[in-house]
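Text of target_32.pdb (PDB, C-alpha atoms, pLDDT in the B column) as supplied:
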```pdb
ATOM      1  CA  MET A   6     -21.613 -16.570  -2.267  1.00 84.00           C
ATOM      2  CA  ALA A   7     -18.158 -17.853  -1.328  1.00 95.00           C
ATOM      3  CA  ILE A   8     -14.950 -18.366  -3.282  1.00 96.00           C
ATOM      4  CA  SER A   9     -12.843 -21.159  -1.816  1.00 97.00           C
ATOM      5  CA  ILE A  10      -9.286 -21.740  -3.055  1.00 97.00           C
ATOM      6  CA  PRO A  11      -7.715 -24.261  -0.692  1.00 96.00           C
ATOM      7  CA  GLY A  12      -3.953 -24.573  -0.451  1.00 96.00           C
ATOM      8  CA  LYS A  13      -3.322 -21.072  -1.827  1.00 98.00           C
ATOM      9  CA  VAL A  14      -2.736 -17.603  -0.400  1.00 98.00           C
ATOM     10  CA  ILE A  15      -4.128 -14.817  -2.580  1.00 98.00           C
ATOM     11  CA  VAL A  16      -1.937 -11.732  -2.209  1.00 98.00           C
ATOM     12  CA  PHE A  17      -3.436  -8.447  -3.342  1.00 98.00           C
ATOM     13  CA  ASP A  18      -1.977  -5.125  -4.346  1.00 98.00           C
ATOM     14  CA  TYR A  19      -3.873  -2.146  -2.921  1.00 98.00           C
ATOM     15  CA  GLY A  20      -3.694   0.899  -5.202  1.00 98.00           C
ATOM     16  CA  GLU A  21      -6.075   0.739  -8.186  1.00 98.00           C
ATOM     17  CA  VAL A  22      -6.957  -2.863  -7.361  1.00 98.00           C
ATOM     18  CA  ILE A  23      -8.704  -2.553  -4.004  1.00 98.00           C
ATOM     19  CA  SER A  24      -8.726   1.237  -4.085  1.00 98.00           C
ATOM     20  CA  VAL A  25     -10.046   3.323  -6.945  1.00 97.00           C
ATOM     21  CA  THR A  26      -7.875   5.736  -8.911  1.00 96.00           C
ATOM     22  CA  PRO A  27      -7.881   9.219  -7.357  1.00 97.00           C
ATOM     23  CA  THR A  28     -10.548  11.312  -9.044  1.00 97.00           C
ATOM     24  CA  PRO A  29      -9.761  14.166 -11.454  1.00 96.00           C
ATOM     25  CA  GLU A  30     -11.090  16.487  -8.747  1.00 96.00           C
ATOM     26  CA  ASP A  31      -8.670  15.020  -6.186  1.00 96.00           C
ATOM     27  CA  ARG A  32      -5.775  15.381  -8.599  1.00 96.00           C
ATOM     28  CA  ALA A  33      -6.694  18.950  -9.519  1.00 95.00           C
ATOM     29  CA  ALA A  34      -7.012  19.940  -5.850  1.00 95.00           C
ATOM     30  CA  LEU A  35      -3.583  18.460  -5.064  1.00 96.00           C
ATOM     31  CA  ALA A  36      -1.910  20.216  -8.016  1.00 95.00           C
ATOM     32  CA  GLU A  37      -3.584  23.484  -7.012  1.00 95.00           C
ATOM     33  CA  LEU A  38      -2.278  23.176  -3.456  1.00 95.00           C
ATOM     34  CA  ALA A  39       1.201  22.611  -4.897  1.00 95.00           C
ATOM     35  CA  GLY A  40       1.101  25.752  -7.025  1.00 91.00           C
ATOM     36  CA  GLY A  41      -1.312  25.003  -9.817  1.00 77.00           C
ATOM     37  CA  ASP A  42       0.958  23.860 -12.672  1.00 88.00           C
ATOM     38  CA  ALA A  43      -0.087  20.233 -13.143  1.00 90.00           C
ATOM     39  CA  HIS A  44       2.320  19.745 -16.079  1.00 91.00           C
ATOM     40  CA  VAL A  45       5.249  20.309 -13.708  1.00 92.00           C
ATOM     41  CA  PHE A  46       3.744  18.871 -10.549  1.00 96.00           C
ATOM     42  CA  TRP A  47       2.814  15.354 -11.660  1.00 96.00           C
ATOM     43  CA  PRO A  48       6.175  14.372 -13.179  1.00 96.00           C
ATOM     44  CA  ALA A  49       7.851  15.525  -9.937  1.00 95.00           C
ATOM     45  CA  TYR A  50       5.237  13.678  -7.844  1.00 96.00           C
ATOM     46  CA  TRP A  51       5.953  10.349  -9.559  1.00 96.00           C
ATOM     47  CA  ARG A  52       9.707  10.849  -9.965  1.00 95.00           C
ATOM     48  CA  HIS A  53      10.267  10.631  -6.206  1.00 92.00           C
ATOM     49  CA  ARG A  54       7.544   8.106  -5.429  1.00 96.00           C
ATOM     50  CA  ASP A  55       9.638   4.928  -5.552  1.00 96.00           C
ATOM     51  CA  ALA A  56      12.013   6.324  -2.931  1.00 96.00           C
ATOM     52  CA  LEU A  57       9.075   7.224  -0.692  1.00 96.00           C
ATOM     53  CA  ASP A  58       7.517   3.781  -1.179  1.00 97.00           C
ATOM     54  CA  GLN A  59      10.873   2.107  -0.499  1.00 96.00           C
ATOM     55  CA  GLY A  60      11.189   3.935   2.790  1.00 95.00           C
ATOM     56  CA  THR A  61      14.434   5.666   1.822  1.00 95.00           C
ATOM     57  CA  LEU A  62      12.738   9.076   1.719  1.00 95.00           C
ATOM     58  CA  SER A  63      10.652  10.542   4.531  1.00 95.00           C
ATOM     59  CA  ILE A  64       7.293  12.176   3.839  1.00 95.00           C
ATOM     60  CA  GLN A  65       8.759  15.585   4.631  1.00 96.00           C
ATOM     61  CA  SER A  66      11.759  15.009   2.325  1.00 96.00           C
ATOM     62  CA  TYR A  67       9.482  13.728  -0.434  1.00 97.00           C
ATOM     63  CA  TRP A  68       7.400  16.887  -0.496  1.00 97.00           C
ATOM     64  CA  ARG A  69      10.430  19.147  -0.057  1.00 96.00           C
ATOM     65  CA  GLY A  70      11.976  17.520  -3.143  1.00 95.00           C
ATOM     66  CA  ILE A  71       8.866  18.330  -5.159  1.00 96.00           C
ATOM     67  CA  GLU A  72       8.907  21.839  -3.706  1.00 96.00           C
ATOM     68  CA  ARG A  73      12.445  22.394  -5.000  1.00 95.00           C
ATOM     69  CA  GLU A  74      11.579  21.098  -8.467  1.00 92.00           C
ATOM     70  CA  LEU A  75       8.588  23.419  -8.670  1.00 94.00           C
ATOM     71  CA  GLY A  76      10.548  26.411  -7.392  1.00 94.00           C
ATOM     72  CA  GLU A  77       8.006  26.871  -4.613  1.00 94.00           C
ATOM     73  CA  SER A  78       8.470  27.862  -0.983  1.00 95.00           C
ATOM     74  CA  TRP A  79       6.012  25.956   1.176  1.00 96.00           C
ATOM     75  CA  GLY A  80       5.472  26.378   4.880  1.00 95.00           C
ATOM     76  CA  ASP A  81       5.024  23.384   7.139  1.00 95.00           C
ATOM     77  CA  ALA A  82       1.236  23.839   7.058  1.00 97.00           C
ATOM     78  CA  THR A  83       1.231  23.490   3.261  1.00 97.00           C
ATOM     79  CA  ILE A  84       3.316  20.322   3.477  1.00 97.00           C
ATOM     80  CA  HIS A  85       0.757  18.884   5.882  1.00 97.00           C
ATOM     81  CA  ARG A  86      -2.149  19.846   3.618  1.00 97.00           C
ATOM     82  CA  LEU A  87      -0.422  18.295   0.602  1.00 97.00           C
ATOM     83  CA  TRP A  88       0.267  15.065   2.469  1.00 98.00           C
ATOM     84  CA  LEU A  89      -3.311  14.884   3.758  1.00 97.00           C
ATOM     85  CA  ALA A  90      -4.890  15.584   0.351  1.00 97.00           C
ATOM     86  CA  ASP A  91      -2.659  12.957  -1.259  1.00 98.00           C
ATOM     87  CA  PHE A  92      -3.259  10.362   1.468  1.00 97.00           C
ATOM     88  CA  ARG A  93      -7.039  10.819   1.391  1.00 97.00           C
ATOM     89  CA  SER A  94      -7.146  10.529  -2.399  1.00 97.00           C
ATOM     90  CA  TRP A  95      -6.043   6.873  -2.150  1.00 97.00           C
ATOM     91  CA  LEU A  96      -8.552   5.756   0.518  1.00 96.00           C
ATOM     92  CA  THR A  97     -11.682   5.154  -1.565  1.00 96.00           C
ATOM     93  CA  ILE A  98     -12.399   1.437  -1.999  1.00 97.00           C
ATOM     94  CA  ASP A  99     -13.758  -0.186  -5.148  1.00 97.00           C
ATOM     95  CA  HIS A 100     -16.949  -1.807  -3.869  1.00 97.00           C
ATOM     96  CA  ASP A 101     -16.956  -4.523  -6.547  1.00 98.00           C
ATOM     97  CA  THR A 102     -13.425  -5.596  -5.606  1.00 98.00           C
ATOM     98  CA  LEU A 103     -14.446  -5.499  -1.947  1.00 98.00           C
ATOM     99  CA  GLU A 104     -17.259  -7.938  -2.721  1.00 98.00           C
ATOM    100  CA  VAL A 105     -14.706 -10.347  -4.210  1.00 98.00           C
ATOM    101  CA  LEU A 106     -12.556 -10.052  -1.072  1.00 98.00           C
ATOM    102  CA  LEU A 107     -15.556 -10.737   1.154  1.00 98.00           C
ATOM    103  CA  GLU A 108     -16.460 -13.791  -0.905  1.00 97.00           C
ATOM    104  CA  LEU A 109     -12.909 -15.107  -0.559  1.00 98.00           C
ATOM    105  CA  LYS A 110     -13.122 -14.577   3.202  1.00 97.00           C
ATOM    106  CA  ALA A 111     -16.470 -16.392   3.275  1.00 97.00           C
ATOM    107  CA  GLY A 112     -14.762 -19.287   1.512  1.00 97.00           C
ATOM    108  CA  ASP A 113     -11.956 -19.375   4.132  1.00 97.00           C
ATOM    109  CA  THR A 114      -9.389 -18.548   1.452  1.00 98.00           C
ATOM    110  CA  ARG A 115      -6.156 -17.170   2.872  1.00 98.00           C
ATOM    111  CA  MET A 116      -5.419 -13.578   1.843  1.00 98.00           C
ATOM    112  CA  ALA A 117      -2.631 -11.059   2.337  1.00 98.00           C
ATOM    113  CA  LEU A 118      -1.924  -7.508   1.174  1.00 98.00           C
ATOM    114  CA  LEU A 119       1.297  -6.367  -0.504  1.00 98.00           C
ATOM    115  CA  SER A 120       1.450  -2.674  -1.370  1.00 98.00           C
ATOM    116  CA  ASN A 121       4.101  -0.339  -2.687  1.00 98.00           C
ATOM    117  CA  ALA A 122       3.314   2.440  -0.244  1.00 98.00           C
ATOM    118  CA  GLY A 123       4.902   4.693   2.328  1.00 96.00           C
ATOM    119  CA  ARG A 124       5.049   3.728   5.982  1.00 95.00           C
ATOM    120  CA  ASP A 125       2.136   6.074   6.716  1.00 95.00           C
ATOM    121  CA  PHE A 126      -0.266   3.637   5.029  1.00 97.00           C
ATOM    122  CA  GLY A 127       0.656   0.725   7.291  1.00 96.00           C
ATOM    123  CA  SER A 128      -1.720   1.651  10.109  1.00 96.00           C
ATOM    124  CA  TYR A 129      -4.634   2.254   7.730  1.00 96.00           C
ATOM    125  CA  PHE A 130      -4.104  -1.097   6.030  1.00 97.00           C
ATOM    126  CA  ARG A 131      -3.832  -3.012   9.303  1.00 97.00           C
ATOM    127  CA  HIS A 132      -6.271  -1.216  11.566  1.00 96.00           C
ATOM    128  CA  GLY A 133      -8.915   0.039   9.166  1.00 94.00           C
ATOM    129  CA  ALA A 134     -11.799  -2.210   8.154  1.00 92.00           C
ATOM    130  CA  LEU A 135      -9.679  -3.869   5.443  1.00 94.00           C
ATOM    131  CA  GLY A 136      -7.288  -5.250   8.033  1.00 94.00           C
ATOM    132  CA  ASP A 137      -9.835  -7.843   9.132  1.00 95.00           C
ATOM    133  CA  LEU A 138      -9.666  -9.460   5.693  1.00 97.00           C
ATOM    134  CA  PHE A 139      -5.936 -10.129   5.563  1.00 98.00           C
ATOM    135  CA  GLU A 140      -3.780 -12.629   7.373  1.00 97.00           C
ATOM    136  CA  LYS A 141      -0.773 -10.326   6.982  1.00 98.00           C
ATOM    137  CA  VAL A 142      -0.109  -6.872   5.551  1.00 98.00           C
ATOM    138  CA  PHE A 143       3.174  -6.032   3.796  1.00 98.00           C
ATOM    139  CA  VAL A 144       4.081  -2.394   3.130  1.00 98.00           C
ATOM    140  CA  SER A 145       7.114  -1.692   0.972  1.00 98.00           C
ATOM    141  CA  GLY A 146       8.073   1.423   2.938  1.00 97.00           C
ATOM    142  CA  GLU A 147       8.479  -0.743   6.037  1.00 97.00           C
ATOM    143  CA  LEU A 148      10.458  -3.421   4.223  1.00 97.00           C
ATOM    144  CA  GLY A 149      12.979  -1.225   2.395  1.00 97.00           C
ATOM    145  CA  THR A 150      12.263  -2.789  -0.991  1.00 97.00           C
ATOM    146  CA  ILE A 151       9.522  -2.448  -3.579  1.00 97.00           C
ATOM    147  CA  LYS A 152       7.743  -4.581  -6.144  1.00 98.00           C
ATOM    148  CA  PRO A 153       8.784  -6.119  -8.449  1.00 98.00           C
ATOM    149  CA  SER A 154      12.009  -6.965  -6.577  1.00 98.00           C
ATOM    150  CA  ARG A 155      12.711 -10.619  -5.929  1.00 98.00           C
ATOM    151  CA  GLU A 156      13.407  -9.809  -2.274  1.00 98.00           C
ATOM    152  CA  ILE A 157       9.926  -8.545  -1.506  1.00 98.00           C
ATOM    153  CA  PHE A 158       8.195 -11.625  -2.916  1.00 98.00           C
ATOM    154  CA  GLU A 159      10.607 -13.951  -1.116  1.00 98.00           C
ATOM    155  CA  HIS A 160       9.907 -12.087   2.120  1.00 98.00           C
ATOM    156  CA  VAL A 161       6.145 -12.435   1.663  1.00 98.00           C
ATOM    157  CA  CYS A 162       6.408 -16.172   0.980  1.00 98.00           C
ATOM    158  CA  SER A 163       8.621 -16.659   4.022  1.00 98.00           C
ATOM    159  CA  GLU A 164       6.331 -14.702   6.349  1.00 98.00           C
ATOM    160  CA  LEU A 165       3.269 -16.551   5.101  1.00 98.00           C
ATOM    161  CA  GLY A 166       5.018 -19.908   5.372  1.00 98.00           C
ATOM    162  CA  VAL A 167       4.288 -20.903   1.784  1.00 98.00           C
ATOM    163  CA  SER A 168       6.248 -21.850  -1.309  1.00 98.00           C
ATOM    164  CA  PRO A 169       5.962 -19.639  -4.425  1.00 98.00           C
ATOM    165  CA  GLU A 170       3.729 -22.293  -5.959  1.00 98.00           C
ATOM    166  CA  GLN A 171       1.238 -21.806  -3.126  1.00 98.00           C
ATOM    167  CA  MET A 172       0.933 -18.065  -3.676  1.00 98.00           C
ATOM    168  CA  VAL A 173      -1.233 -16.140  -6.149  1.00 98.00           C
ATOM    169  CA  PHE A 174      -0.466 -12.468  -6.743  1.00 98.00           C
ATOM    170  CA  ILE A 175      -2.915  -9.836  -8.031  1.00 98.00           C
ATOM    171  CA  ASP A 176      -1.644  -6.435  -9.218  1.00 98.00           C
ATOM    172  CA  ASN A 177      -2.711  -3.864 -11.788  1.00 98.00           C
ATOM    173  CA  LYS A 178       0.876  -3.352 -12.973  1.00 98.00           C
ATOM    174  CA  GLU A 179       2.141  -5.989 -15.356  1.00 98.00           C
ATOM    175  CA  ALA A 180       5.785  -5.498 -14.328  1.00 98.00           C
ATOM    176  CA  ASN A 181       4.920  -6.419 -10.747  1.00 98.00           C
ATOM    177  CA  VAL A 182       3.009  -9.519 -11.799  1.00 98.00           C
ATOM    178  CA  ARG A 183       5.865 -10.627 -14.057  1.00 98.00           C
ATOM    179  CA  GLY A 184       8.285 -10.155 -11.162  1.00 98.00           C
ATOM    180  CA  ALA A 185       6.196 -12.525  -9.054  1.00 98.00           C
ATOM    181  CA  GLU A 186       5.873 -15.029 -11.882  1.00 98.00           C
ATOM    182  CA  ALA A 187       9.661 -15.117 -12.257  1.00 98.00           C
ATOM    183  CA  LEU A 188       9.759 -16.830  -8.833  1.00 98.00           C
ATOM    184  CA  GLY A 189       7.078 -19.353  -9.742  1.00 98.00           C
ATOM    185  CA  ILE A 190       4.169 -17.408  -8.222  1.00 98.00           C
ATOM    186  CA  ALA A 191       0.919 -17.474 -10.193  1.00 98.00           C
ATOM    187  CA  GLY A 192      -0.028 -13.962 -11.234  1.00 98.00           C
ATOM    188  CA  HIS A 193      -3.015 -12.063 -12.559  1.00 98.00           C
ATOM    189  CA  VAL A 194      -2.909  -8.553 -14.023  1.00 98.00           C
ATOM    190  CA  PHE A 195      -5.959  -6.787 -12.600  1.00 98.00           C
ATOM    191  CA  THR A 196      -8.129  -4.974 -15.139  1.00 98.00           C
ATOM    192  CA  SER A 197     -11.569  -5.138 -13.513  1.00 98.00           C
ATOM    193  CA  PRO A 198     -13.339  -6.797 -10.582  1.00 98.00           C
ATOM    194  CA  GLN A 199     -15.292  -8.911 -13.059  1.00 97.00           C
ATOM    195  CA  ASP A 200     -12.158 -10.343 -14.651  1.00 98.00           C
ATOM    196  CA  LEU A 201     -10.677 -10.881 -11.193  1.00 98.00           C
ATOM    197  CA  ARG A 202     -13.732 -12.837 -10.089  1.00 97.00           C
ATOM    198  CA  ALA A 203     -13.616 -15.010 -13.223  1.00 97.00           C
ATOM    199  CA  TYR A 204      -9.902 -15.722 -12.646  1.00 98.00           C
ATOM    200  CA  LEU A 205     -10.440 -16.682  -8.997  1.00 97.00           C
ATOM    201  CA  ASP A 206     -13.512 -18.780  -9.786  1.00 95.00           C
ATOM    202  CA  ALA A 207     -11.410 -20.730 -12.277  1.00 95.00           C
ATOM    203  CA  LEU A 208      -8.687 -21.274  -9.662  1.00 95.00           C
ATOM    204  CA  GLY A 209     -11.239 -22.609  -7.199  1.00 87.00           C
ATOM    205  CA  SER A 210     -13.005 -24.927  -9.611  1.00 79.00           C
TER     206      SER A 210
END
```
For the structure just supplied, provide its representation as structure tokens.
Amino acid sequence: MAISIPGKVIVFDYGEVISVTPTPEDRAALAELAGGDAHVFWPAYWRHRDALDQGTLSIQSYWRGIERELGESWGDATIHRLWLADFRSWLTIDHDTLEVLLELKAGDTRMALLSNAGRDFGSYFRHGALGDLFEKVFVSGELGTIKPSREIFEHVCSELGVSPEQMVFIDNKEANVRGAEALGIAGHVFTSPQDLRAYLDALGS
């Protein structure tokens, strides 16, 4: 089966659209590595995440900031283990979403990836198996700006050589979709692969 949407570029978010949410076991293991108090760890984890995703904070500085908030004293080996456990927790792909991507590729529909993520994800996105699906990959940590900023969507349009009206943006966060729509980009808030397929089928009909 193929999904063909001529004249459009479908731009996908990665986290919790193409990837699945990290499992409770992944989250518990990460909090345990950090010291075990999940009630303190997770607010600190998310509080610094935008700066990491924007590329204004290095991986080392990100984890050291959490370390200070938790009152911990981590060695370099613990920092590495935390980074690795966190990175790996975001790598599992939703197979139903993958099927939709493969059907778009079979229909020769143009696709790109736009993720709020640190620079460390760039190589995985481009050179892992997913990279074959996308015409271009955009990583916020490399661009110095994050969704839903106007600048990041303008950059994507420019690099793809399309007008906002020729772009369709898929993201699980409504604020990001609304940011795209403010520029005239069609947007869809991802809730499930089934809803995504129905939306794209309608676009291609």
Non-local contacts of A:Phe126 (9 Å; only C-alpha atoms; under 5 positions in same chain excluded) as an MDAnalysis selection string: chainID A and resid 92 131 144 146
Among the residues A:Gly209, A:Gly189, A:Gly60, A:Gly112, the one that comes closest to A:Met6 [using all atoms listed in the file]: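 Looking at the shortest contact to A:Met6, the residue is A:Gly112.
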Residue among A:Phe158, A:Trp88, A:Tyr129, A:Phe139 lying closest to A:Lys110, counting all atoms listed in the file: A:Phe139
When the PyMOL selection byres ((chain A and resi 174-187) around 8) is applied to the structure above, which residues does it catch, written out as a compact mmCIF listing (two decimals) with C-alpha atoms, in the coordinates of the input?
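What ended up in selection-v1.txt:
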```txt
# COMPACT_ATOMS: atom_id res chain seq x y z
CA ILE A 15 -4.13 -14.82 -2.58
CA VAL A 16 -1.94 -11.73 -2.21
CA PHE A 17 -3.44 -8.45 -3.34
CA ASP A 18 -1.98 -5.12 -4.35
CA TYR A 19 -3.87 -2.15 -2.92
CA GLU A 21 -6.08 0.74 -8.19
CA VAL A 22 -6.96 -2.86 -7.36
CA LYS A 152 7.74 -4.58 -6.14
CA PRO A 153 8.78 -6.12 -8.45
CA SER A 154 12.01 -6.96 -6.58
CA ARG A 155 12.71 -10.62 -5.93
CA PHE A 158 8.20 -11.62 -2.92
CA MET A 172 0.93 -18.07 -3.68
CA VAL A 173 -1.23 -16.14 -6.15
CA LEU A 188 9.76 -16.83 -8.83
CA GLY A 189 7.08 -19.35 -9.74
CA ILE A 190 4.17 -17.41 -8.22
CA ALA A 191 0.92 -17.47 -10.19
CA GLY A 192 -0.03 -13.96 -11.23
CA HIS A 193 -3.02 -12.06 -12.56
CA VAL A 194 -2.91 -8.55 -14.02
CA PHE A 195 -5.96 -6.79 -12.60
CA THR A 196 -8.13 -4.97 -15.14
```
Separation of atom CA of A:Gly41 from atom CA of A:Gly80 in Å: 16.2 Å
Coordinates-based distance that separates atom CA of A:Ala34 from atom CA of A:Pro48 (Å, one decimal):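 Between atom CA of A:Pro48 and atom CA of A:Ala34 the gap works out to 16.1 Å.
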Expected selection from the PyMOL selection byres ((chain A and resi 143) around 6), given as an NGL selection string: :A and (118-119 or 142 or 144)
Among listed residues A:Gln171, A:Ser94, A:Ser9, A:Gln59, nearest A:Ile157 (using all atoms listed in the file):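 That would be A:Gln59, the residue with the smallest distance to A:Ile157.
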Padded axis-aligned box of stretch 119-128 of chain A (4 Å per side), centre and edge lengths, Å, one decimal, as lines of an AutoDock Vina configuration file:
```
center_x = 1.7
center_y = -0.1
center_z = 3.7
size_x = 14.8
size_y = 20.4
size_z = 20.8
```
Residues returned when the PyMOL selection byres ((chain A and resi 40) around 10) runs on this file, as a VMD selection string: chain A and resid 35 to 39 41 to 43 45 to 46 72 75 to 79
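Separating atom CA of A:Pro29 from atom CA of A:His132 is a distance of 27.9 Å.
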Pick from A:Cys162, A:Leu103, A:Ile71, A:Ala134 nearest to A:Arg54, counting only C-alpha atoms: A:Ile71
Contact table stretch 14-133 of chain A vs stretch 165-168 of chain A, cut-off 10 Å, shortest pair per residue, only C-alpha atoms, as CSV:
```
residue,atom,partner,partner_atom,distance
A:Val14,CA,A:Val167,CA,8.1
A:Arg115,CA,A:Leu165,CA,9.7
A:Met116,CA,A:Leu165,CA,9.7
A:Ala117,CA,A:Leu165,CA,8.5
```
Residue nearest A:Asp125 among A:Ala82, A:Ala111, A:Ile151, A:Leu57 (counting all atoms listed in the file):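 Looking only at the distances to A:Asp125, the closest residue turns out to be A:Leu57.
The nearest approach to A:Gly70 among the residues A:Leu205, A:Ala33, A:Tyr50, A:Asp58, with only C-alpha atoms taken into account, belongs to A:Tyr50.
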